[in-house]
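Okay, my_file.cif now, which holds mmCIF, C-alpha atoms:
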data_protein
loop_
_atom_site.label_atom_id
_atom_site.label_comp_id
_atom_site.auth_asym_id
_atom_site.auth_seq_id
_atom_site.Cartn_x
_atom_site.Cartn_y
_atom_site.Cartn_z
CA MET A 308 80.98 10.19 -25.93
CA ALA A 309 81.28 10.96 -22.29
CA LEU A 310 77.86 11.75 -21.04
CA ALA A 311 76.75 11.78 -17.44
CA ARG A 312 73.78 12.76 -15.35
CA ILE A 313 74.34 14.20 -11.92
CA ASP A 314 71.49 14.46 -9.48
CA LEU A 315 71.69 16.56 -6.33
CA PRO A 316 69.37 19.00 -4.59
CA GLN A 317 69.57 22.49 -6.06
CA GLN A 318 69.79 24.06 -2.66
CA ALA A 319 71.00 22.90 0.71
CA ARG A 320 71.42 24.43 4.12
CA ARG A 321 74.90 24.74 5.56
CA GLY A 322 75.84 21.58 7.42
CA GLU A 323 73.11 19.51 5.76
CA LEU A 324 73.82 16.04 4.39
CA VAL A 325 73.26 15.98 0.65
CA GLU A 326 72.73 12.92 -1.51
CA VAL A 327 74.74 12.94 -4.73
CA ARG A 328 73.92 10.53 -7.54
CA ILE A 329 75.67 10.12 -10.85
CA VAL A 330 75.09 7.87 -13.87
CA ILE A 331 77.85 7.76 -16.48
CA GLN A 332 77.35 6.51 -20.02
CA HIS A 333 80.09 3.94 -20.51
CA PRO A 334 80.13 0.37 -21.92
CA MET A 335 82.39 -0.99 -19.11
CA GLU A 336 83.69 -3.71 -21.45
CA THR A 337 85.00 -6.66 -19.50
CA GLY A 338 87.44 -7.88 -22.14
CA PHE A 339 85.84 -11.32 -22.04
CA ARG A 340 83.11 -10.72 -24.59
CA ARG A 341 83.49 -11.68 -28.20
CA ALA A 342 82.17 -9.82 -31.23
CA PRO A 343 79.95 -11.71 -33.73
CA GLN A 344 83.00 -12.71 -35.82
CA GLY A 345 84.73 -14.22 -32.81
CA GLU A 346 87.33 -11.55 -32.16
CA ARG A 347 87.74 -10.43 -28.60
CA VAL A 348 86.31 -7.06 -27.56
CA PRO A 349 89.16 -5.34 -25.72
CA ARG A 350 88.68 -4.45 -22.10
CA ASN A 351 87.59 -0.90 -21.55
CA ALA A 352 86.26 0.09 -18.17
CA ILE A 353 86.38 3.25 -16.12
CA HIS A 354 89.04 2.53 -13.51
CA SER A 355 89.16 5.69 -11.48
CA LEU A 356 86.74 8.40 -10.61
CA VAL A 357 87.25 11.47 -8.47
CA CYS A 358 84.80 14.08 -7.25
CA ARG A 359 85.95 17.50 -6.11
CA TYR A 360 83.75 19.93 -4.21
CA SER A 361 84.90 23.53 -4.55
CA GLY A 362 88.34 22.20 -5.45
CA THR A 363 88.65 19.75 -2.55
CA GLU A 364 88.54 16.03 -3.20
CA VAL A 365 85.52 14.58 -1.39
CA PHE A 366 85.01 11.22 -3.10
CA ARG A 367 87.16 8.75 -4.96
CA ALA A 368 86.24 5.37 -6.41
CA THR A 369 88.17 2.56 -8.03
CA LEU A 370 85.97 0.79 -10.52
CA SER A 371 86.56 -2.38 -12.46
CA THR A 372 84.97 -4.74 -14.93
CA GLY A 373 82.68 -6.25 -12.29
CA ILE A 374 80.54 -3.14 -12.52
CA ALA A 375 77.73 -3.01 -15.07
CA ALA A 376 77.69 -0.70 -18.04
CA ASN A 377 76.59 2.88 -17.40
CA PRO A 378 77.75 2.80 -13.77
CA PHE A 379 75.63 4.44 -11.11
CA LEU A 380 77.26 5.84 -7.99
CA ARG A 381 75.74 7.43 -4.95
CA PHE A 382 77.26 9.05 -1.91
CA PHE A 383 76.51 11.61 0.77
CA LEU A 384 78.24 14.89 1.29
CA ARG A 385 78.07 17.60 3.94
CA ALA A 386 77.21 20.92 2.35
CA THR A 387 79.62 23.57 3.56
CA GLN A 388 79.65 26.30 0.94
CA SER A 389 78.23 27.05 -2.51
CA GLY A 390 80.42 25.57 -5.17
CA ASP A 391 80.81 23.20 -8.08
CA LEU A 392 80.91 19.45 -7.75
CA VAL A 393 83.32 18.34 -10.45
CA PHE A 394 83.53 14.69 -11.42
CA TRP A 395 86.47 13.38 -13.38
CA TRP A 396 87.07 9.84 -14.56
CA LEU A 397 89.49 7.83 -16.67
CA ASP A 398 89.00 4.58 -18.55
CA ASP A 399 91.32 1.87 -19.92
CA ASP A 400 91.51 3.63 -23.29
CA GLU A 401 92.93 6.63 -21.44
CA VAL A 402 89.82 8.58 -22.33
CA GLN A 403 88.94 11.13 -19.70
CA GLY A 404 85.46 12.28 -18.91
CA SER A 405 84.13 14.98 -16.69
CA ALA A 406 80.88 16.48 -15.55
CA LYS A 407 79.92 19.13 -13.07
CA ALA A 408 76.95 20.40 -11.15
CA ARG A 409 76.39 23.40 -8.92
CA LEU A 410 75.43 23.14 -5.28
CA SER A 411 74.01 26.30 -3.69
CA VAL A 412 74.32 26.47 0.08
CA THR A 413 72.29 28.93 2.09
CA MET B 1304 20.12 -9.88 -9.41
CA LYS B 1305 20.88 -11.87 -12.52
CA LEU B 1306 21.81 -8.67 -14.26
CA ILE B 1307 24.28 -7.74 -11.52
CA PHE B 1308 25.81 -11.17 -11.71
CA LEU B 1309 26.19 -10.78 -15.48
CA PHE B 1310 27.94 -7.44 -14.95
CA VAL B 1311 30.32 -8.93 -12.43
CA VAL B 1312 31.22 -11.72 -14.83
CA LEU B 1313 31.68 -9.30 -17.71
CA PHE B 1314 33.85 -6.96 -15.67
CA SER B 1315 36.06 -9.66 -14.26
CA GLY B 1316 36.45 -10.99 -17.79
CA ALA B 1317 37.44 -7.54 -18.99
CA ALA B 1318 39.97 -7.22 -16.17
CA LEU B 1319 41.55 -10.52 -17.15
CA ALA B 1320 41.79 -9.54 -20.78
CA GLN B 1321 43.26 -6.15 -19.96
CA ASN B 1322 46.53 -5.01 -21.45
CA ARG B 1323 49.36 -4.99 -18.97
CA SER B 1324 52.62 -3.16 -19.41
CA GLY B 1325 55.82 -5.16 -19.11
CA LEU B 1326 56.50 -3.05 -16.04
CA GLU B 1327 53.96 -5.08 -14.08
CA PHE B 1328 55.95 -8.25 -14.70
CA ALA B 1329 59.28 -6.70 -13.75
CA SER B 1330 60.97 -7.13 -10.39
CA GLU B 1331 60.79 -4.52 -7.65
CA GLU B 1332 64.39 -3.41 -8.36
CA VAL B 1333 63.76 -2.94 -12.07
CA ARG B 1334 60.61 -0.96 -11.38
CA ARG B 1335 62.48 1.30 -8.98
CA LEU B 1336 65.21 1.86 -11.55
CA GLN B 1337 62.66 2.93 -14.13
CA ALA B 1338 60.74 5.17 -11.74
CA SER B 1339 63.67 7.39 -10.80
CA ASP B 1340 64.98 9.67 -13.52
CA ALA B 1341 68.19 10.13 -11.55
CA GLU B 1342 68.92 6.40 -11.65
CA ASN B 1343 67.30 5.28 -14.91
CA PRO B 1344 70.23 4.76 -17.29
CA GLY B 1345 67.90 5.24 -20.26
CA MET B 1346 67.78 8.94 -19.40
CA LEU B 1347 71.37 9.19 -20.68
CA TRP B 1348 70.05 8.49 -24.18
CA VAL B 1349 67.20 10.94 -23.72
CA ASP B 1350 69.75 13.62 -22.79
CA GLN B 1351 71.92 12.74 -25.75
CA GLY B 1352 68.82 12.88 -27.95
CA ALA B 1353 67.95 16.35 -26.67
CA LYS B 1354 71.39 17.58 -27.74
CA LEU B 1355 71.13 15.94 -31.16
CA PHE B 1356 67.61 17.26 -31.61
CA ALA B 1357 68.78 20.80 -30.92
CA GLN B 1358 71.54 20.40 -33.52
CA LYS B 1359 69.73 18.54 -36.29
CA CYS B 1360 65.97 18.82 -35.93
CA ALA B 1361 65.15 22.04 -34.08
CA SER B 1362 65.19 24.21 -37.21
CA CYS B 1363 61.91 22.56 -38.30
CA HIS B 1364 60.47 20.88 -35.20
CA VAL B 1365 59.62 22.27 -31.80
CA SER B 1366 57.58 20.04 -29.48
CA MET B 1367 57.26 16.33 -30.15
CA LYS B 1368 54.66 15.77 -27.44
CA GLY B 1369 52.17 13.10 -28.42
CA VAL B 1370 53.94 12.20 -31.66
CA ALA B 1371 55.15 8.80 -30.45
CA THR B 1372 51.60 7.72 -29.58
CA ARG B 1373 50.70 7.66 -33.31
CA TYR B 1374 53.55 5.42 -34.55
CA PRO B 1375 53.96 3.06 -36.38
CA ALA B 1376 51.78 4.83 -38.93
CA VAL B 1377 50.96 3.86 -42.49
CA GLU B 1378 52.08 6.50 -44.99
CA ASP B 1379 51.63 6.00 -48.75
CA GLY B 1380 50.94 2.32 -48.22
CA ARG B 1381 54.14 1.75 -46.24
CA ILE B 1382 54.52 1.16 -42.54
CA VAL B 1383 56.62 3.86 -40.92
CA THR B 1384 57.91 3.28 -37.42
CA LEU B 1385 59.08 6.07 -35.14
CA GLU B 1386 62.67 5.03 -35.89
CA ALA B 1387 62.04 5.21 -39.63
CA LYS B 1388 60.43 8.63 -39.22
CA VAL B 1389 63.39 9.91 -37.22
CA ARG B 1390 65.69 8.76 -40.04
CA HIS B 1391 63.77 10.69 -42.72
CA LYS B 1392 66.45 13.35 -43.15
CA GLU B 1393 69.61 11.63 -42.06
CA ALA B 1394 69.87 7.84 -42.34
CA PHE B 1395 71.34 6.95 -38.96
CA ALA B 1396 72.24 3.26 -38.73
CA TYR B 1397 69.67 1.02 -37.04
CA GLU B 1398 70.50 0.53 -33.35
CA SER B 1399 73.12 3.27 -33.45
CA ASP B 1400 73.31 5.40 -30.34
CA GLU B 1401 72.30 8.46 -32.36
CA LEU B 1402 69.09 6.89 -33.66
CA LEU B 1403 68.20 5.40 -30.27
CA ALA B 1404 68.92 8.71 -28.55
CA LEU B 1405 66.74 10.74 -30.92
CA THR B 1406 63.92 8.20 -30.86
CA SER B 1407 64.06 8.01 -27.07
CA TYR B 1408 64.01 11.78 -26.79
CA VAL B 1409 60.95 12.02 -29.03
CA ALA B 1410 59.13 9.14 -27.35
CA HIS B 1411 60.02 10.45 -23.89
CA GLN B 1412 57.99 13.59 -24.59
CA SER B 1413 54.88 11.40 -24.84
CA ARG B 1414 55.61 9.58 -21.58
CA GLY B 1415 52.35 8.76 -19.81
CA MET B 1416 50.23 9.36 -22.90
CA PRO B 1417 48.23 6.38 -24.21
CA ILE B 1418 49.22 4.68 -27.46
CA LYS B 1419 46.70 5.43 -30.17
CA VAL B 1420 47.38 3.85 -33.55
CA ASN B 1421 44.68 3.18 -36.09
CA PRO B 1422 46.18 1.34 -39.07
CA PRO B 1423 44.29 0.12 -42.15
CA ALA B 1424 42.96 -3.41 -41.87
CA GLU B 1425 45.12 -5.11 -44.50
CA LYS B 1426 48.41 -4.06 -42.88
CA LEU B 1427 47.11 -5.05 -39.49
CA ASP B 1428 45.96 -8.45 -40.74
CA ALA B 1429 49.41 -9.19 -42.13
CA GLY B 1430 50.88 -8.46 -38.71
CA ARG B 1431 48.21 -10.46 -36.95
CA LYS B 1432 48.97 -13.43 -39.19
CA ALA B 1433 52.67 -13.17 -38.31
CA TYR B 1434 51.80 -12.95 -34.63
CA TYR B 1435 49.77 -16.16 -34.68
CA SER B 1436 52.06 -18.13 -37.02
CA ARG B 1437 54.44 -20.71 -35.65
CA ARG B 1438 58.09 -20.09 -36.44
CA GLY B 1439 61.57 -21.40 -35.80
CA GLN B 1440 62.83 -24.75 -34.60
CA MET B 1441 60.86 -24.24 -31.40
CA ASN B 1442 57.76 -24.05 -33.58
CA LEU B 1443 56.06 -21.44 -31.44
CA ALA B 1444 54.05 -18.35 -32.31
CA CYS B 1445 54.24 -15.07 -30.37
CA ALA B 1446 50.74 -15.79 -29.04
CA HIS B 1447 51.77 -19.05 -27.39
CA CYS B 1448 53.81 -17.23 -24.76
CA HIS B 1449 52.52 -13.69 -24.75
CA GLU B 1450 48.81 -14.31 -25.09
CA GLN B 1451 48.09 -17.80 -23.79
CA ASN B 1452 50.68 -18.06 -21.04
CA TRP B 1453 51.59 -14.62 -19.77
CA GLY B 1454 52.09 -14.43 -16.04
CA LYS B 1455 53.54 -17.94 -15.96
CA HIS B 1456 57.22 -18.70 -15.76
CA LEU B 1457 59.74 -19.60 -18.43
CA GLY B 1458 62.74 -20.63 -16.38
CA ALA B 1459 63.35 -17.80 -13.95
CA GLU B 1460 61.58 -15.32 -16.20
CA THR B 1461 57.94 -14.26 -15.91
CA LEU B 1462 56.31 -14.22 -19.31
CA SER B 1463 54.90 -10.78 -20.04
CA GLN B 1464 52.21 -9.90 -22.50
CA GLY B 1465 54.91 -8.62 -24.81
CA GLN B 1466 53.56 -5.08 -24.79
CA PRO B 1467 55.81 -2.60 -26.61
CA ASN B 1468 54.87 0.60 -24.75
CA GLY B 1469 58.28 1.04 -23.12
CA TYR B 1470 60.41 0.96 -26.26
CA PRO B 1471 63.03 2.15 -27.00
CA ALA B 1472 63.86 0.67 -23.62
CA TYR B 1473 66.97 0.10 -21.54
CA ARG B 1474 67.38 -3.63 -21.27
CA LEU B 1475 69.69 -4.93 -18.56
CA GLU B 1476 70.64 -7.85 -20.77
CA TRP B 1477 71.88 -5.47 -23.48
CA GLN B 1478 73.37 -3.02 -20.99
CA LYS B 1479 72.07 -0.27 -23.23
CA MET B 1480 69.07 1.18 -24.97
CA GLY B 1481 67.47 -0.85 -27.74
CA SER B 1482 64.59 -0.62 -30.17
CA LEU B 1483 61.41 -2.67 -30.27
CA GLU B 1484 62.76 -4.31 -33.38
CA ARG B 1485 65.81 -5.54 -31.51
CA ARG B 1486 63.56 -6.89 -28.77
CA ILE B 1487 61.44 -8.82 -31.27
CA ARG B 1488 64.59 -10.24 -32.83
CA ALA B 1489 65.67 -11.43 -29.37
CA CYS B 1490 62.44 -13.44 -29.14
CA MET B 1491 62.92 -14.84 -32.65
CA PHE B 1492 66.49 -15.77 -31.83
CA GLY B 1493 65.20 -17.68 -28.82
CA LEU B 1494 62.83 -19.58 -31.09
CA HIS B 1495 65.76 -20.43 -33.42
CA ALA B 1496 63.81 -18.68 -36.13
CA GLU B 1497 65.07 -16.84 -39.18
CA LEU B 1498 65.60 -13.15 -38.42
CA PRO B 1499 64.06 -10.84 -41.00
CA PRO B 1500 66.36 -7.93 -41.87
CA TYR B 1501 65.99 -4.57 -40.13
CA GLY B 1502 63.25 -2.47 -41.66
CA SER B 1503 61.82 -5.37 -43.70
CA ASP B 1504 58.08 -5.65 -44.28
CA ALA B 1505 57.79 -8.81 -42.20
CA MET B 1506 59.29 -7.01 -39.21
CA LEU B 1507 57.31 -3.81 -39.70
CA GLU B 1508 53.98 -5.62 -39.96
CA LEU B 1509 54.62 -7.48 -36.73
CA GLU B 1510 55.72 -4.29 -35.03
CA LEU B 1511 52.58 -2.50 -36.20
CA PHE B 1512 50.35 -5.28 -34.88
CA LEU B 1513 52.14 -5.31 -31.52
CA VAL B 1514 51.71 -1.58 -31.04
CA TRP B 1515 48.09 -1.68 -32.17
CA ARG B 1516 47.52 -4.45 -29.62
CA ALA B 1517 48.89 -2.12 -26.92
CA ASN B 1518 46.48 0.70 -27.76
CA GLY B 1519 45.61 2.56 -24.58
CA LEU B 1520 48.75 1.64 -22.64
CA PRO B 1521 50.83 4.64 -21.57
CA ILE B 1522 54.22 5.20 -23.21
CA GLU B 1523 57.02 4.57 -20.72
CA THR B 1524 60.15 5.46 -22.67
CA PRO B 1525 62.79 5.13 -21.38
CA ALA B 1526 61.51 1.95 -19.74
CA VAL B 1527 63.86 -0.45 -17.98
CA ARG B 1528 63.43 -4.13 -18.70
CA ARG B 1529 65.32 -7.22 -17.77
#

Could you express the structure from this file as C-alpha cells?
Amino acid sequence: MALARIDLPQQARRGELVEVRIVIQHPMETGFRRAPQGERVPRNAIHSLVCRYSGTEVFRATLSTGIAANPFLRFFLRATQSGDLVFWWLDDDEVQGSAKARLSVT
Amino acid sequence: MKLIFLFVVLFSGAALAQNRSGLEFASEEVRRLQASDAENPGMLWVDQGAKLFAQKCASCHVSMKGVATRYPAVEDGRIVTLEAKVRHKEAFAYESDELLALTSYVAHQSRGMPIKVNPPAEKLDAGRKAYYSRRGQMNLACAHCHEQNWGKHLGAETLSQGQPNGYPAYRLEWQKMGSLERRIRACMFGLHAELPPYGSDAMLELELFLVWRANGLPIETPAVRR
C-alpha cells in the first residue's frame, strides 16, 4: 500500500517560498534484518523520488537503506503558478507510488 | 497556619503521585514529532483507517468521538479492548496494518479526551495482581520500574510511568504503529518472561488495569514513543 501525506499551505502568493513536507508509508527494509525463523528479509527501500510542480521537475531525491521507515522529506519551493505537486517514487521491488496535492497561487 | 502547611503537604504529595503521560519522559525531538500532524508518521495509519472505516464500518457507525475513552470495557463478563471491539465484524489479524489503522482512526477521534474506564472490581483485581507480581528471569514486577522508579534511568532510557494513553502508538523502535499489547509484550520480553498469547485473559486483565490506572490522562493517539 502506497500511502503518503503531503503538507503544504493551501494558498500562497506569487513568488512566495512555500514549505513542502511529505511522509511516505514504506518499511525501508535494509536487507540486513532477519525474520523470526532466521531467514533474511530482502532489501526493499525507496531509491528514487521525484516531485513535479505543474509538470516541471522541482525536486529529486536518492534514498537508501540508511533512511528510517516511513521517510519524511521537506523542501522549499517558490510558488509561481497554481498547479499540482505530483510526487512519484520507486522502490527496490519496482513498486511505484505517487501522491499529489494542489497549490493555489494568488 | 498549621492548616495551610497541611494543605501544602497534601498538594505536593498529590502532585508527586500524579499520572504522567509517556510524552513527558520523551525527548524534545520525539515530542516535536508527535505534536506535528504533518510529520507524525502515525497519521499515515490514521489516514489508512479513515479509508477502511468508510469502506467497512460507515454503514453502521458515524462518529467515534469519545469511544476510545471507555475501552477496555467489560462486556458479558469478558474484557473487550478497543482492538477486540474493532474486530467484532471482521477478524483482522492482531498487529496487522488494517487493525492498527482502524483502531488508530477510532482512538484518534478521542484525542485530548480523558480516559474514563470503570471496570468491575474482580477484573481489576486480577489485573492489579498481575501488575504487582514478579515475573521472568529478571524477577521484576511492572511496579518495580513504572511505579517505584519512574523518572530514573535504565541505561540511556528514562523510565516512564508506563501509561497507555498514547496507544496505538508509533514506536521508533518498531518503525511502525503498534498496539498496547505489543508494548506490554516488549516489557515482558525484556524481563525474559513468558509471553501470554494475544487476546489471552492474562494479557487483557493487565491491559485493563493499566488503562484504569491512567484514568484522567488525555488520549494521544497517534502518540510517538521511543

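Candidate residues B:Met1441, B:Val1420, B:Ala1371, B:Ala1517 were compared for distance to Asn1468 (chain B), and the nearest is B:Ala1517, using only C-alpha atoms.
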
Next on the checklist: Running the PyMOL selection byres ((chain B) within 12 of (chain A)) on this model by hand, what would come out? Give it as JSON, numbers by chain.
Outcome noted: {"B": [1336, 1339, 1340, 1341, 1342, 1343, 1344, 1345, 1346, 1347, 1348, 1349, 1350, 1351, 1352, 1354, 1400, 1401, 1473, 1474, 1475, 1476, 1477, 1478, 1479, 1480]}

Checklist entry - Care to translate the PyMOL selection byres ((chain B and resi 1449-1454) around 10) into actual residues of this file, as a list of chain:residue names? => result B:Ala1320, B:Arg1323, B:Glu1327, B:Phe1328, B:Tyr1434, B:Tyr1435, B:Ala1444, B:Cys1445, B:Ala1446, B:His1447, B:Cys1448, B:Lys1455, B:His1456, B:Leu1457, B:Glu1460, B:Thr1461, B:Leu1462, B:Ser1463, B:Gln1464, B:Gly1465, B:Gln1466

Next on the checklist: Residue by residue, what does the PyMOL selection byres ((chain A and resi 407) around 10) grab here? Present the result as a count of residues only.
Outcome noted: 16

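You will find CA of Pro1525 (chain B) at 21.1 Å from CA of Leu1507 (chain B).
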
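In this structure, CA of Glu1508 (chain B) sits 4.4 Å away from CA of Gly1430 (chain B).
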
Next on the checklist: Ranking A:Leu384, A:Val357, A:Ala342, A:Ala352 by minimum distance to Thr372 (chain A) and counting only C-alpha atoms, which one comes first?
Outcome noted: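 Among A:Leu384, A:Val357, A:Ala342, A:Ala352, it is A:Ala352 that comes nearest to Thr372 (chain A).
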
Item to check | Neighbour residues at most 6 Å from (84.8, 5.1, -16.4) (all atoms listed in the file) as a ChimeraX atom specification | outcome: /A:352-354,396-398

Checklist entry - With distances taken over only C-alpha atoms, which of A:Val325, A:Glu336, A:Val402, A:Glu364 is nearest to Val348 (chain A)? => result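 Once distances to Val348 (chain A) are computed over only C-alpha atoms, the minimum belongs to A:Glu336.
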
Checklist entry - Expressed in Å to a single decimal, how great is the separation between CA of Met1367 (chain B) and CA of Arg1381 (chain B)? => result 21.9 Å

Checklist outcome for this item: Counting all atoms listed in the file, closest pick from B:Ala1338, B:Ala1410, B:Leu1326, B:Cys1490 relative to Pro1471 (chain B) is B:Ala1410

Checklist entry - Leaving out Asn1518 (chain B) and any residue of its chain fewer than 3 positions from it, which residues lie within 7 Å of it when counting all atoms listed in the file, given as a list in words? => result Pro1417, Ile1418, Lys1419, Val1420, Val1514 and Trp1515 of chain B

Item to check | Residue nearest Pro1521 (chain B) - candidates B:Ala1505, B:Val1389, B:Met1416, B:Ala1424, atoms counted: only C-alpha atoms | outcome: B:Met1416

Quick one: residues within 10 Å of Ile1487 (chain B), all atoms listed in the file, excluding same-chain residues fewer than 4 positions away - as a PDB file with C-alpha atoms, in the coordinates of the input?
ATOM      1  CA  CYS B1445      54.240 -15.070 -30.370  1.00  0.00           C
ATOM      2  CA  GLY B1465      54.910  -8.620 -24.810  1.00  0.00           C
ATOM      3  CA  PRO B1467      55.810  -2.600 -26.610  1.00  0.00           C
ATOM      4  CA  SER B1482      64.590  -0.620 -30.170  1.00  0.00           C
ATOM      5  CA  LEU B1483      61.410  -2.670 -30.270  1.00  0.00           C
ATOM      6  CA  MET B1491      62.920 -14.840 -32.650  1.00  0.00           C
ATOM      7  CA  PHE B1492      66.490 -15.770 -31.830  1.00  0.00           C
ATOM      8  CA  GLY B1493      65.200 -17.680 -28.820  1.00  0.00           C
ATOM      9  CA  LEU B1498      65.600 -13.150 -38.420  1.00  0.00           C
ATOM     10  CA  MET B1506      59.290  -7.010 -39.210  1.00  0.00           C
ATOM     11  CA  LEU B1509      54.620  -7.480 -36.730  1.00  0.00           C
ATOM     12  CA  GLU B1510      55.720  -4.290 -35.030  1.00  0.00           C
ATOM     13  CA  LEU B1513      52.140  -5.310 -31.520  1.00  0.00           C
TER      14      LEU B1513
END
